[in-house]
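Structure data (mmCIF, C-alpha atoms) from target38.cif:
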```cif
data_coords
#
loop_
_atom_site.label_atom_id
_atom_site.label_comp_id
_atom_site.auth_asym_id
_atom_site.auth_seq_id
_atom_site.Cartn_x
_atom_site.Cartn_y
_atom_site.Cartn_z
CA MET A 49 4.13 2.94 5.07
CA LYS A 50 5.29 0.67 2.24
CA LYS A 51 3.85 -2.39 3.99
CA ILE A 52 0.49 -0.66 4.35
CA TYR A 53 0.55 0.32 0.69
CA TYR A 54 1.40 -3.21 -0.47
CA ILE A 55 -1.35 -4.76 1.65
CA PHE A 56 -3.71 -2.27 0.03
CA TYR A 57 -2.19 -3.13 -3.36
CA LYS A 58 -2.73 -6.86 -2.71
CA ASP A 59 -6.40 -6.28 -1.88
CA PHE A 60 -6.84 -3.94 -4.82
CA SER A 61 -5.28 -6.42 -7.29
CA SER A 62 -7.30 -9.23 -5.75
CA GLU A 63 -10.50 -7.18 -6.06
CA LEU A 64 -9.78 -6.44 -9.72
CA ARG A 65 -9.51 -10.18 -10.39
CA MET A 66 -12.13 -11.61 -8.05
CA ARG A 67 -14.65 -8.73 -7.71
CA PHE A 68 -15.55 -9.72 -4.14
CA ALA A 69 -16.97 -6.36 -3.14
CA ILE A 70 -17.29 -4.00 -6.06
CA ASN A 71 -19.98 -5.89 -8.00
CA ALA A 72 -22.13 -6.35 -4.88
CA LEU A 73 -21.71 -2.68 -4.00
CA ILE A 74 -22.58 -1.33 -7.45
CA MET A 75 -25.60 -3.61 -7.75
CA PHE A 76 -26.78 -2.60 -4.30
CA VAL A 77 -26.47 1.11 -5.09
CA ILE A 78 -28.36 0.78 -8.38
CA VAL A 79 -31.17 -1.26 -6.76
CA ALA A 80 -31.46 1.05 -3.71
CA VAL A 81 -31.46 4.30 -5.70
CA SER A 82 -33.93 2.86 -8.26
CA THR A 83 -36.28 1.75 -5.46
CA ILE A 84 -36.24 5.24 -3.94
CA LEU A 85 -36.76 6.81 -7.35
CA PHE A 86 -39.77 4.61 -8.18
CA SER A 87 -41.32 4.87 -4.71
CA LEU A 88 -41.19 8.69 -4.81
CA GLY A 89 -42.56 8.86 -8.35
CA SER A 90 -43.41 12.45 -9.24
CA GLU A 91 -43.90 13.49 -5.60
CA ASN A 92 -41.60 16.12 -4.17
CA ALA A 93 -40.37 15.04 -0.75
CA PRO A 94 -38.91 17.63 1.67
CA GLN A 95 -35.18 18.28 1.32
CA ASN A 96 -34.31 16.74 4.68
CA VAL A 97 -35.82 13.43 3.48
CA TYR A 98 -33.33 13.37 0.60
CA ALA A 99 -30.45 14.07 2.98
CA GLY A 100 -31.59 11.17 5.18
CA MET A 101 -32.12 8.80 2.25
CA PHE A 102 -28.70 9.66 0.82
CA TRP A 103 -26.90 8.53 3.98
CA VAL A 104 -29.18 5.53 4.44
CA VAL A 105 -28.06 4.26 1.01
CA VAL A 106 -24.43 4.99 1.97
CA PHE A 107 -24.86 3.10 5.26
CA PHE A 108 -26.36 -0.01 3.66
CA SER A 109 -23.89 -0.03 0.78
CA ALA A 110 -21.10 0.03 3.38
CA MET A 111 -22.84 -2.90 5.09
CA SER A 112 -23.00 -4.89 1.87
CA GLY A 113 -19.42 -4.44 0.72
CA LEU A 114 -16.89 -3.33 3.29
CA SER A 115 -16.89 -6.51 5.37
CA ARG A 116 -15.46 -8.49 2.44
CA THR A 117 -11.92 -7.27 3.10
CA PHE A 118 -11.55 -9.47 6.19
CA VAL A 119 -14.34 -12.00 5.63
CA SER A 120 -12.86 -13.16 2.31
CA GLU A 121 -9.46 -13.73 3.99
CA GLU A 122 -11.09 -15.90 6.67
CA GLU A 123 -13.38 -17.76 4.28
CA ARG A 124 -10.55 -18.61 1.90
CA GLY A 125 -8.15 -19.39 4.75
CA THR A 126 -5.58 -16.80 3.67
CA SER A 127 -5.63 -14.87 6.96
CA LEU A 128 -2.83 -17.11 8.27
CA ILE A 129 -0.40 -16.27 5.47
CA LEU A 130 -1.26 -12.58 5.94
CA SER A 131 -0.42 -12.89 9.68
CA LEU A 132 2.88 -14.49 8.74
CA ILE A 133 4.06 -11.71 6.44
CA ALA A 134 2.99 -8.51 8.22
CA ASN A 135 2.41 -7.08 11.67
CA PRO A 136 -1.19 -6.47 12.81
CA ILE A 137 -1.03 -2.66 12.59
CA SER A 138 0.09 -2.77 8.95
CA ILE A 139 -2.65 -5.29 8.17
CA PHE A 140 -5.34 -3.12 9.76
CA LEU A 141 -4.14 0.09 8.09
CA GLY A 142 -3.78 -1.64 4.70
CA LYS A 143 -7.33 -2.96 4.94
CA PHE A 144 -8.57 0.41 6.18
CA LEU A 145 -6.95 2.14 3.20
CA PHE A 146 -8.63 -0.32 0.83
CA ASN A 147 -12.04 0.25 2.43
CA LEU A 148 -11.46 4.01 2.37
CA VAL A 149 -10.79 3.98 -1.38
CA LEU A 150 -13.77 1.68 -1.94
CA ILE A 151 -16.18 3.81 0.10
CA PHE A 152 -14.97 7.02 -1.61
CA PHE A 153 -15.52 5.41 -5.00
CA ILE A 154 -18.96 4.04 -4.21
CA ASN A 155 -20.14 7.18 -2.39
CA SER A 156 -19.05 9.33 -5.32
CA ILE A 157 -21.27 7.16 -7.53
CA ILE A 158 -24.17 7.51 -5.07
CA THR A 159 -23.71 11.32 -4.99
CA MET A 160 -23.66 11.57 -8.77
CA LEU A 161 -26.72 9.34 -9.10
CA TYR A 162 -28.62 11.41 -6.52
CA MET A 163 -27.73 14.69 -8.23
CA PHE A 164 -28.69 13.31 -11.62
CA LEU A 165 -31.93 11.56 -10.61
CA PHE A 166 -33.32 13.80 -7.83
CA GLN A 167 -33.84 17.46 -8.73
CA GLU A 168 -34.44 18.27 -5.05
CA PHE A 169 -31.06 16.92 -3.98
CA LEU A 170 -29.46 20.31 -4.49
CA ILE A 171 -26.33 21.15 -2.51
CA LYS A 172 -26.03 24.89 -1.90
CA ASN A 173 -23.02 24.85 0.41
CA TRP A 174 -20.52 22.54 -1.30
CA MET A 175 -17.73 23.28 1.19
CA SER A 176 -19.83 21.97 4.05
CA PHE A 177 -21.03 18.92 2.09
CA LEU A 178 -17.58 17.93 0.83
CA LEU A 179 -16.04 18.24 4.29
CA ALA A 180 -18.82 16.04 5.71
CA PHE A 181 -18.34 13.63 2.79
CA LEU A 182 -14.61 13.41 3.56
CA LEU A 183 -14.94 12.97 7.33
CA GLY A 184 -17.96 10.70 6.95
CA ASN A 185 -16.21 8.32 4.55
CA PHE A 186 -13.20 8.23 6.84
CA GLY A 187 -15.39 7.32 9.84
CA ILE A 188 -17.41 4.73 7.92
CA ALA A 189 -14.23 3.09 6.59
CA ALA A 190 -12.62 3.01 10.06
CA SER A 191 -15.61 1.55 11.89
CA SER A 192 -16.51 -0.85 9.06
CA THR A 193 -12.96 -2.19 8.94
CA ILE A 194 -12.71 -3.00 12.65
CA ILE A 195 -16.24 -4.48 12.74
CA ALA A 196 -15.35 -6.58 9.68
CA ALA A 197 -12.28 -7.87 11.55
CA ILE A 198 -14.48 -8.83 14.53
CA ILE A 199 -17.19 -10.57 12.53
CA SER A 200 -14.71 -12.40 10.29
CA LYS A 201 -13.88 -14.53 13.35
CA ALA A 202 -17.56 -15.32 14.01
CA ASN A 203 -19.63 -18.18 12.60
CA VAL A 204 -22.60 -16.03 11.53
CA LYS A 205 -20.77 -13.38 9.55
CA GLY A 206 -23.55 -12.08 7.31
CA THR A 207 -26.16 -11.29 9.95
CA LEU A 208 -23.76 -10.05 12.58
CA TYR A 209 -22.28 -7.24 10.51
CA PRO A 210 -25.27 -4.85 10.31
CA VAL A 211 -26.24 -5.71 13.90
CA LEU A 212 -22.82 -4.67 15.20
CA ALA A 213 -22.36 -1.80 12.76
CA PHE A 214 -25.70 -0.08 13.38
CA PRO A 215 -25.06 1.23 16.94
CA VAL A 216 -21.46 2.11 16.05
CA LEU A 217 -22.35 4.01 12.88
CA LEU A 218 -25.58 5.60 14.11
CA PRO A 219 -24.03 8.72 15.74
CA LEU A 220 -21.92 9.26 12.62
CA ILE A 221 -24.87 8.92 10.25
CA LEU A 222 -27.02 11.28 12.36
CA MET A 223 -24.33 13.99 12.25
CA LEU A 224 -23.87 13.49 8.51
CA ILE A 225 -27.61 13.85 7.89
CA GLU A 226 -27.69 17.09 9.89
CA ILE A 227 -24.73 18.55 8.00
CA THR A 228 -26.09 17.47 4.59
CA LYS A 229 -29.46 19.00 5.42
CA SER A 230 -27.73 22.25 6.40
CA ALA A 231 -25.62 22.18 3.20
CA MET A 232 -28.77 21.69 1.10
CA GLU A 233 -30.36 24.70 2.80
CA GLY A 234 -27.25 26.75 2.03
CA ASN A 235 -26.45 27.53 5.68
CA PRO A 236 -22.89 28.63 6.50
CA ILE A 237 -20.47 26.02 7.82
CA ASN A 238 -20.43 27.70 11.27
CA ASP A 239 -24.04 26.60 11.82
CA VAL A 240 -22.95 22.97 11.96
CA GLU A 241 -19.65 23.50 13.74
CA ALA A 242 -20.69 21.24 16.64
CA GLU A 243 -21.59 18.41 14.24
CA PHE A 244 -18.21 18.74 12.53
CA LEU A 245 -16.44 18.54 15.88
CA VAL A 246 -18.36 15.35 16.66
CA LEU A 247 -17.33 13.94 13.25
CA VAL A 248 -13.65 14.71 13.83
CA SER A 249 -13.81 13.23 17.35
CA TYR A 250 -15.58 10.14 16.06
CA ASP A 251 -12.94 9.57 13.37
CA VAL A 252 -10.02 10.04 15.78
CA ILE A 253 -11.59 7.76 18.42
CA MET A 254 -12.49 5.03 15.92
CA ILE A 255 -9.08 4.86 14.28
CA THR A 256 -7.20 5.00 17.61
CA ALA A 257 -9.40 2.41 19.33
CA SER A 258 -9.23 0.16 16.26
CA ILE A 259 -5.44 0.19 16.18
CA LEU A 260 -5.35 -0.59 19.92
CA VAL A 261 -7.74 -3.57 19.81
CA PHE A 262 -6.96 -5.01 16.39
CA ASP A 263 -3.97 -7.04 17.58
CA ILE A 264 -6.18 -8.94 20.08
CA ILE A 265 -8.97 -9.51 17.55
CA TRP A 266 -6.60 -10.65 14.81
CA ARG A 267 -4.60 -13.19 16.80
CA ASP A 268 -7.54 -15.25 18.12
CA MET B 39 26.30 -15.15 12.64
CA ASN B 40 23.21 -14.70 14.77
CA LYS B 41 22.35 -16.40 18.02
CA ILE B 42 18.74 -17.32 18.59
CA ASP B 43 17.08 -19.08 21.52
CA LEU B 44 13.49 -20.17 21.89
CA ILE B 45 12.36 -20.50 25.50
CA VAL B 46 8.97 -22.03 26.23
CA THR B 47 7.81 -21.80 29.83
CA ASN B 48 4.69 -23.45 31.29
CA LEU B 49 2.85 -22.98 28.03
CA LYS B 50 -0.85 -23.75 28.13
CA LYS B 51 -3.57 -23.60 25.50
CA THR B 52 -7.27 -24.13 25.93
CA PHE B 53 -10.07 -23.79 23.40
CA ASN B 54 -13.11 -22.75 25.43
CA ARG B 55 -13.26 -25.44 28.16
CA ARG B 56 -11.04 -27.92 26.37
CA LEU B 57 -7.45 -28.10 27.44
CA VAL B 58 -5.08 -28.83 24.57
CA PHE B 59 -1.78 -28.86 26.47
CA ASP B 60 -0.47 -27.51 29.73
CA GLY B 61 2.87 -27.14 31.49
CA LEU B 62 4.90 -27.30 28.30
CA ASN B 63 8.55 -26.38 28.94
CA PHE B 64 11.48 -26.60 26.58
CA GLU B 65 14.40 -24.58 25.29
CA ILE B 66 16.06 -24.72 21.90
CA LYS B 67 19.16 -22.91 20.73
CA SER B 68 20.79 -21.89 17.44
CA GLY B 69 21.68 -24.89 15.31
CA GLU B 70 19.26 -27.26 17.06
CA LYS B 71 16.36 -29.13 15.53
CA LEU B 72 13.39 -30.40 17.50
CA ILE B 73 10.62 -32.84 16.66
CA ILE B 74 7.15 -32.31 18.12
CA THR B 75 4.98 -35.37 17.97
CA GLY B 76 1.74 -36.61 19.51
CA LYS B 77 -1.61 -38.10 18.63
CA ASN B 78 -4.16 -36.30 16.44
CA GLY B 79 -5.59 -33.45 18.49
CA SER B 80 -2.65 -33.34 20.87
CA GLY B 81 -1.95 -29.73 19.86
CA LYS B 82 1.00 -29.96 17.47
CA SER B 83 -0.47 -27.53 14.96
CA THR B 84 -1.75 -25.29 17.74
CA LEU B 85 1.76 -25.14 19.21
CA MET B 86 3.19 -24.30 15.78
CA LYS B 87 0.71 -21.45 15.36
CA ILE B 88 1.52 -20.10 18.82
CA LEU B 89 5.27 -20.24 18.13
CA ALA B 90 4.68 -18.50 14.78
CA GLY B 91 3.03 -15.69 16.73
CA VAL B 92 -0.35 -15.99 15.03
CA LEU B 93 -2.26 -17.51 17.96
CA THR B 94 -2.15 -16.45 21.59
CA GLU B 95 -1.36 -18.84 24.39
CA SER B 96 -3.83 -19.21 27.28
CA ALA B 97 -1.14 -19.17 29.99
CA GLY B 98 2.60 -19.38 30.35
CA PHE B 99 4.81 -17.74 27.77
CA PHE B 100 7.36 -18.23 25.06
CA GLN B 101 10.05 -15.91 23.83
CA TYR B 102 12.60 -15.71 21.08
CA ILE B 103 15.92 -14.24 22.19
CA LEU B 104 17.85 -12.92 19.20
CA ASN B 105 21.45 -11.94 20.01
CA ASP B 106 20.53 -11.62 23.71
CA LYS B 107 17.58 -9.36 22.94
CA LYS B 108 13.93 -10.40 23.24
CA VAL B 109 12.00 -10.34 19.96
CA ASP B 110 8.74 -8.40 20.34
CA ARG B 111 5.59 -10.39 19.65
CA GLU B 112 4.61 -8.16 16.70
CA ASN B 113 8.02 -8.74 15.05
CA ILE B 114 8.08 -12.55 15.28
CA TYR B 115 6.88 -12.76 11.67
CA GLN B 116 10.23 -11.32 10.57
CA ILE B 117 12.24 -14.27 11.92
CA VAL B 118 9.80 -17.15 11.42
CA GLY B 119 8.90 -19.22 8.36
CA LEU B 120 5.96 -21.62 8.64
CA VAL B 121 4.88 -24.48 6.40
CA SER B 122 1.67 -26.27 7.32
CA PRO B 123 -1.30 -28.01 5.71
CA TYR B 124 -3.72 -25.28 6.82
CA LEU B 125 -1.66 -22.51 5.20
CA VAL B 126 -3.42 -21.18 2.10
CA LEU B 127 -1.84 -18.80 -0.41
CA TYR B 128 -3.67 -16.36 -2.65
CA ASP B 129 -4.90 -18.60 -5.45
CA GLU B 130 -6.00 -15.71 -7.67
CA PHE B 131 -2.31 -14.84 -8.12
CA THR B 132 0.49 -16.80 -9.77
CA ALA B 133 3.32 -18.32 -7.70
CA PHE B 134 5.62 -15.53 -8.85
CA GLU B 135 3.07 -12.83 -7.97
CA ASN B 136 2.51 -14.35 -4.53
CA LEU B 137 6.21 -14.33 -3.73
CA LYS B 138 6.75 -10.85 -5.18
CA LEU B 139 3.84 -9.56 -3.10
CA PHE B 140 5.11 -11.23 0.08
CA ALA B 141 8.59 -9.77 -0.45
CA ARG B 142 7.10 -6.30 -0.92
CA ILE B 143 4.83 -6.57 2.14
CA ARG B 144 7.78 -7.84 4.19
CA ASN B 145 9.76 -4.86 2.90
CA ILE B 146 12.50 -7.07 1.45
CA LYS B 147 14.26 -5.85 -1.65
CA MET B 148 14.25 -8.84 -3.99
CA SER B 149 14.88 -8.86 -7.71
CA ASP B 150 12.78 -10.99 -10.05
CA GLU B 151 15.86 -13.17 -10.54
CA GLU B 152 16.13 -13.86 -6.80
CA ILE B 153 12.45 -14.84 -6.69
CA ASN B 154 12.97 -17.10 -9.70
CA GLN B 155 15.89 -18.75 -7.88
CA ILE B 156 13.59 -19.65 -4.99
CA LEU B 157 10.99 -20.97 -7.42
CA LYS B 158 13.69 -23.10 -9.07
CA LYS B 159 14.72 -24.37 -5.64
CA VAL B 160 11.20 -25.59 -4.84
CA GLY B 161 10.70 -26.93 -8.36
CA LEU B 162 8.01 -24.52 -9.51
CA PHE B 163 9.96 -22.37 -11.96
CA ASP B 164 8.26 -23.83 -15.04
CA ARG B 165 4.80 -23.15 -13.58
CA ARG B 166 5.68 -19.76 -12.04
CA ASN B 167 3.23 -17.84 -14.20
CA ASP B 168 0.24 -20.14 -13.57
CA LEU B 169 -2.42 -19.21 -11.05
CA VAL B 170 -1.99 -21.05 -7.74
CA ARG B 171 -5.59 -22.30 -8.04
CA THR B 172 -4.48 -24.49 -10.94
CA TYR B 173 -1.78 -26.20 -8.82
CA SER B 174 -1.95 -29.74 -7.46
CA SER B 175 -1.81 -30.25 -3.68
CA GLY B 176 1.88 -31.17 -3.91
CA MET B 177 2.66 -28.00 -5.86
CA LYS B 178 0.74 -25.96 -3.30
CA GLN B 179 2.92 -27.53 -0.60
CA ARG B 180 6.01 -26.48 -2.57
CA ILE B 181 4.88 -22.86 -2.89
CA LYS B 182 4.35 -22.82 0.88
CA TYR B 183 8.02 -23.73 1.26
CA ALA B 184 8.95 -20.91 -1.10
CA SER B 185 6.97 -18.41 0.98
CA ALA B 186 8.51 -19.76 4.21
CA ILE B 187 12.13 -19.40 3.07
CA LEU B 188 11.66 -16.18 1.07
CA HIS B 189 12.94 -13.95 3.90
CA ASN B 190 15.72 -16.35 4.98
CA PRO B 191 14.18 -16.92 8.43
CA LEU B 192 16.09 -17.87 11.55
CA VAL B 193 13.26 -20.12 12.74
CA LEU B 194 11.70 -22.72 10.48
CA LEU B 195 8.43 -24.27 11.69
CA LEU B 196 7.37 -27.29 9.66
CA ASP B 197 3.98 -28.84 10.39
CA GLU B 198 3.60 -32.19 8.62
CA PRO B 199 6.49 -31.24 6.31
CA THR B 200 6.20 -34.01 3.73
CA SER B 201 2.42 -34.17 3.33
CA ASN B 202 1.31 -34.26 -0.33
CA LEU B 203 4.90 -34.32 -1.56
CA ASP B 204 6.32 -36.79 -4.08
CA LEU B 205 9.78 -38.33 -3.74
CA ASP B 206 11.44 -35.27 -5.32
CA GLY B 207 9.59 -33.04 -2.90
CA LYS B 208 10.61 -35.15 0.07
CA ASN B 209 14.22 -34.99 -1.05
CA PHE B 210 13.89 -31.21 -1.25
CA VAL B 211 12.65 -31.11 2.37
CA ASP B 212 15.53 -33.38 3.45
CA GLU B 213 18.02 -30.97 1.86
CA LEU B 214 16.28 -27.89 3.21
CA VAL B 215 16.35 -29.13 6.81
CA GLU B 216 19.86 -30.56 6.47
CA ASP B 217 21.30 -27.37 4.95
CA PHE B 218 19.25 -24.92 7.00
CA ARG B 219 21.32 -22.02 8.29
CA SER B 220 23.62 -23.13 11.08
CA ASP B 221 22.55 -20.27 13.36
CA GLY B 222 18.84 -21.06 12.95
CA ILE B 223 16.44 -23.44 14.64
CA VAL B 224 14.02 -25.93 13.11
CA LEU B 225 10.87 -27.34 14.72
CA VAL B 226 9.08 -30.15 12.97
CA ALA B 227 5.58 -31.27 14.01
CA THR B 228 4.89 -34.73 12.67
CA ASN B 229 3.52 -38.18 13.31
CA GLU B 230 5.47 -39.79 10.48
CA SER B 231 8.36 -41.84 11.84
CA GLN B 232 10.42 -41.14 8.71
CA ASP B 233 10.31 -37.42 9.58
CA PHE B 234 11.94 -38.03 12.98
CA LYS B 235 15.33 -37.91 11.23
CA TYR B 236 14.94 -34.13 10.94
CA GLY B 237 15.56 -33.48 14.65
CA GLN B 238 17.90 -34.40 17.46
CA ASN B 239 15.31 -34.33 20.25
CA ILE B 240 11.64 -35.30 20.39
CA ILE B 241 8.84 -33.85 22.50
CA ASN B 242 5.69 -35.93 22.71
CA LEU B 243 2.68 -33.70 23.36
CA ASP B 244 0.69 -36.69 24.62
CA ASN B 245 2.54 -36.16 27.87
CA PHE B 246 0.89 -32.75 28.18
CA HIS B 247 -2.28 -34.04 26.68
CA ASN B 248 -5.97 -33.35 26.59
CA ILE B 249 -7.66 -33.28 29.92
CA GLN B 250 -11.26 -32.08 29.94
CA VAL B 251 -11.50 -29.04 32.19
CA LYS B 252 -14.29 -29.54 34.71
#
```

Is it possible to express this structure as structure tokens?
Amino acid sequence: MKKIYYIFYKDFSSELRMRFAINALIMFVIVAVSTILFSLGSENAPQNVYAGMFWVVVFFSAMSGLSRTFVSEEERGTSLILSLIANPISIFLGKFLFNLVLIFFINSIITMLYMFLFQEFLIKNWMSFLLAFLLGNFGIAASSTIIAAIISKANVKGTLYPVLAFPVLLPLILMLIEITKSAMEGNPINDVEAEFLVLVSYDVIMITASILVFDIIWRD
Amino acid sequence: MNKIDLIVTNLKKTFNRRLVFDGLNFEIKSGEKLIITGKNGSGKSTLMKILAGVLTESAGFFQYILNDKKVDRENIYQIVGLVSPYLVLYDEFTAFENLKLFARIRNIKMSDEEINQILKKVGLFDRRNDLVRTYSSGMKQRIKYASAILHNPLVLLLDEPTSNLDLDGKNFVDELVEDFRSDGIVLVATNESQDFKYGQNIINLDNFHNIQVK
């Protein structure tokens, strides 16, 4: 556990000094939310549109920032020293923890911006929304981390990331949109029980599969 | 006193269709030092990376036997220290911060004084609080040595050990190899004839050299 924490700590300290991901993420969120705000103008879109747009912004902000954790190691050539000081599982879990904290931070900003700027983005069942937020962030961080590890070894890093991430994240995003829509309508949590089960399964599968394959990805 | 053996059996490495080396066999025991030489592109650095456990072999196998027990692949990092030209440390941190971080990630309890001792040993104590990005290439080579010996490894892998080093630095490498723990093993990959003094035996990778796979 200590190794995982210190790999996270290394990335966190590095991020504070270098700002690899956080600046890009914050700028992306501001631009995306502003574009939606200006394009809607004074029109009132249906609630389910806001639920969809919320997770679309989350998806693309994950695309723009979460790959940096591995890509920056490869680009700067520091992945070798990392391989020499820790075992692959600790490296993956440390990076996953960093991405998890980052996605929680950035998604909290997106949520606050949505609530402040869009009157129609009104959550009536907070329990349902927060649970989806928790499980969703976990799933996004897990899948983004392993995809980042894969693309960091490729020559065309930038374009490959959304291409690989889209089919992997699509089922997760669809479930999250359904749950958010239900939470905005104030439906009880039981109504979206099936979606929550899919979310939990997705998270467990992603983290288990990632741990199993990471060693092979990382060594070559 | 530990006992460590490195056994390399029919080791082969290819990159796509290009064969780097094949049929590589050797064995090295505690206290022994081995020189790996060969032309540019003969696979010296590739072999070093494989033996450090950071690159997979294409066929054959190698194993470290520590006190008659095989070391698992995922634990090789605990017994190996590597110095090479392609090793890059975190240049947004100082030398001290790098070493402190590595000790913590390795789960080694080291006081600041112990880290300072290592920095003194490699001649970087006076610049310990400067960012690594401000270092010269020779100083970067020295910090690589500090990171390689931080955990007192049983296996020291040196790829082009004296590159970028001044006379003082070369003397430090001479002392390091000469005084390296008597139960450990040292492998030196080099083309410099003056580095051949570091080992008792020499393997020339040109004998296992590049054949284009048809």

Point to revise | Residue nearest Tyr115 of chain B - candidates B:Lys178, B:Lys77, B:Arg55, B:His189, atoms counted: only C-alpha atoms | key: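 Among the listed residues, B:His189 lies closest to Tyr115 of chain B.
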
Please expand the PyMOL selection byres ((chain B) within 8 of (chain A)) into the concrete residues it hits in this file, giving the result as a JSON list (two decimals) with C-alpha atoms, in the coordinates of the input.
```json
[["chain", "number", "residue", "atom", "x", "y", "z"],
["B", 90, "ALA", "CA", 4.68, -18.50, 14.78],
["B", 92, "VAL", "CA", -0.35, -15.99, 15.03],
["B", 93, "LEU", "CA", -2.26, -17.51, 17.96],
["B", 94, "THR", "CA", -2.15, -16.45, 21.59],
["B", 112, "GLU", "CA", 4.61, -8.16, 16.70],
["B", 113, "ASN", "CA", 8.02, -8.74, 15.05],
["B", 115, "TYR", "CA", 6.88, -12.76, 11.67],
["B", 116, "GLN", "CA", 10.23, -11.32, 10.57],
["B", 118, "VAL", "CA", 9.80, -17.15, 11.42],
["B", 119, "GLY", "CA", 8.90, -19.22, 8.36],
["B", 120, "LEU", "CA", 5.96, -21.62, 8.64],
["B", 124, "TYR", "CA", -3.72, -25.28, 6.82],
["B", 125, "LEU", "CA", -1.66, -22.51, 5.20],
["B", 126, "VAL", "CA", -3.42, -21.18, 2.10],
["B", 127, "LEU", "CA", -1.84, -18.80, -0.41],
["B", 128, "TYR", "CA", -3.67, -16.36, -2.65],
["B", 130, "GLU", "CA", -6.00, -15.71, -7.67],
["B", 131, "PHE", "CA", -2.31, -14.84, -8.12],
["B", 139, "LEU", "CA", 3.84, -9.56, -3.10],
["B", 140, "PHE", "CA", 5.11, -11.23, 0.08],
["B", 142, "ARG", "CA", 7.10, -6.30, -0.92],
["B", 143, "ILE", "CA", 4.83, -6.57, 2.14],
["B", 144, "ARG", "CA", 7.78, -7.84, 4.19],
["B", 145, "ASN", "CA", 9.76, -4.86, 2.90]]
```

Check your understanding: If we count only C-alpha atoms, what is near segment 102-114 of chain A at a cut-off of 6 Å, once residues fewer than 4 positions away on the same chain are taken out, given as a list in words?
Key ->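 What passes the distance filter is Ala69, Leu73 and Tyr98 of chain A.
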
Those same residues, written as a compact mmCIF listing (two decimals), keeping the file's coordinate frame with C-alpha atoms?
```
# COMPACT_ATOMS: atom_id res chain seq x y z
CA ALA A 69 -16.97 -6.36 -3.14
CA LEU A 73 -21.71 -2.68 -4.00
CA TYR A 98 -33.33 13.37 0.60
```

Review point. Which value, in Å to one decimal, gives the distance between atom CA of Ser191 of chain A and atom CA of Ile70 of chain A?
Key: 18.9 Å

Practice item. Take atom CA of Phe181 of chain A and atom CA of Ala99 of chain A and report the distance between them in Å, one decimal. Key: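 Distance between the two atoms: 12.1 Å.
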
Review point. Which is closest to Leu245 of chain A among A:Ile188, A:Leu179, A:Val77, A:Ala197, if we use only C-alpha atoms?
Key: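 The answer is A:Leu179, which sits nearest to Leu245 of chain A.
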
Practice item. Rounded to one decimal place, report the atom CA of Val252 of chain A-atom CA of Asn147 of chain A distance in Å. Key: 16.7 Å

Practice item. Any chance you could resolve the PyMOL selection byres ((chain B and resi 95-100) around 8) against this file and give the residues as a list in words? Key: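 Checking the PyMOL selection byres ((chain B and resi 95-100) around 8) against this file, the residues are Leu44, Ile45, Val46, Thr47, Asn48, Leu49, Lys50, Lys51, Thr52, Gly61, Ile88, Leu89, Leu93, Thr94, Gln101 and Tyr102 of chain B.
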
Point to revise | Selected residue, from A:Ser82, A:Asn71, A:Asn185, A:Ser176, that lies nearest to Arg116 of chain A when counting only C-alpha atoms | key: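 That would be A:Asn71, the residue with the smallest distance to Arg116 of chain A.
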
Exercise for review: Take the PyMOL selection byres ((chain A and resi 230) around 9), apply it to the structure above, and return the hits as a VMD selection string.
Suggested key: chain A and resid 96 172 to 173 176 to 177 225 to 229 231 to 237 239 to 240

Residues from the last selection, C-alpha atoms, saved as a JSON list (two decimals), keeping the file's coordinate frame:
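The file below, again_16.json, is the result:
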```
[["chain", "number", "residue", "atom", "x", "y", "z"],
["A", 96, "ASN", "CA", -34.31, 16.74, 4.68],
["A", 172, "LYS", "CA", -26.03, 24.89, -1.90],
["A", 173, "ASN", "CA", -23.02, 24.85, 0.41],
["A", 176, "SER", "CA", -19.83, 21.97, 4.05],
["A", 177, "PHE", "CA", -21.03, 18.92, 2.09],
["A", 225, "ILE", "CA", -27.61, 13.85, 7.89],
["A", 226, "GLU", "CA", -27.69, 17.09, 9.89],
["A", 227, "ILE", "CA", -24.73, 18.55, 8.00],
["A", 228, "THR", "CA", -26.09, 17.47, 4.59],
["A", 229, "LYS", "CA", -29.46, 19.00, 5.42],
["A", 231, "ALA", "CA", -25.62, 22.18, 3.20],
["A", 232, "MET", "CA", -28.77, 21.69, 1.10],
["A", 233, "GLU", "CA", -30.36, 24.70, 2.80],
["A", 234, "GLY", "CA", -27.25, 26.75, 2.03],
["A", 235, "ASN", "CA", -26.45, 27.53, 5.68],
["A", 236, "PRO", "CA", -22.89, 28.63, 6.50],
["A", 237, "ILE", "CA", -20.47, 26.02, 7.82],
["A", 239, "ASP", "CA", -24.04, 26.60, 11.82],
["A", 240, "VAL", "CA", -22.95, 22.97, 11.96]]
```

**Study point:** Surrounding residues of Asn202 of chain B excluding itself and chain neighbours under 6 positions, 12 Å, all atoms listed in the file, as a ChimeraX atom specification
**Key:** /B:122-123,174-180,182,208
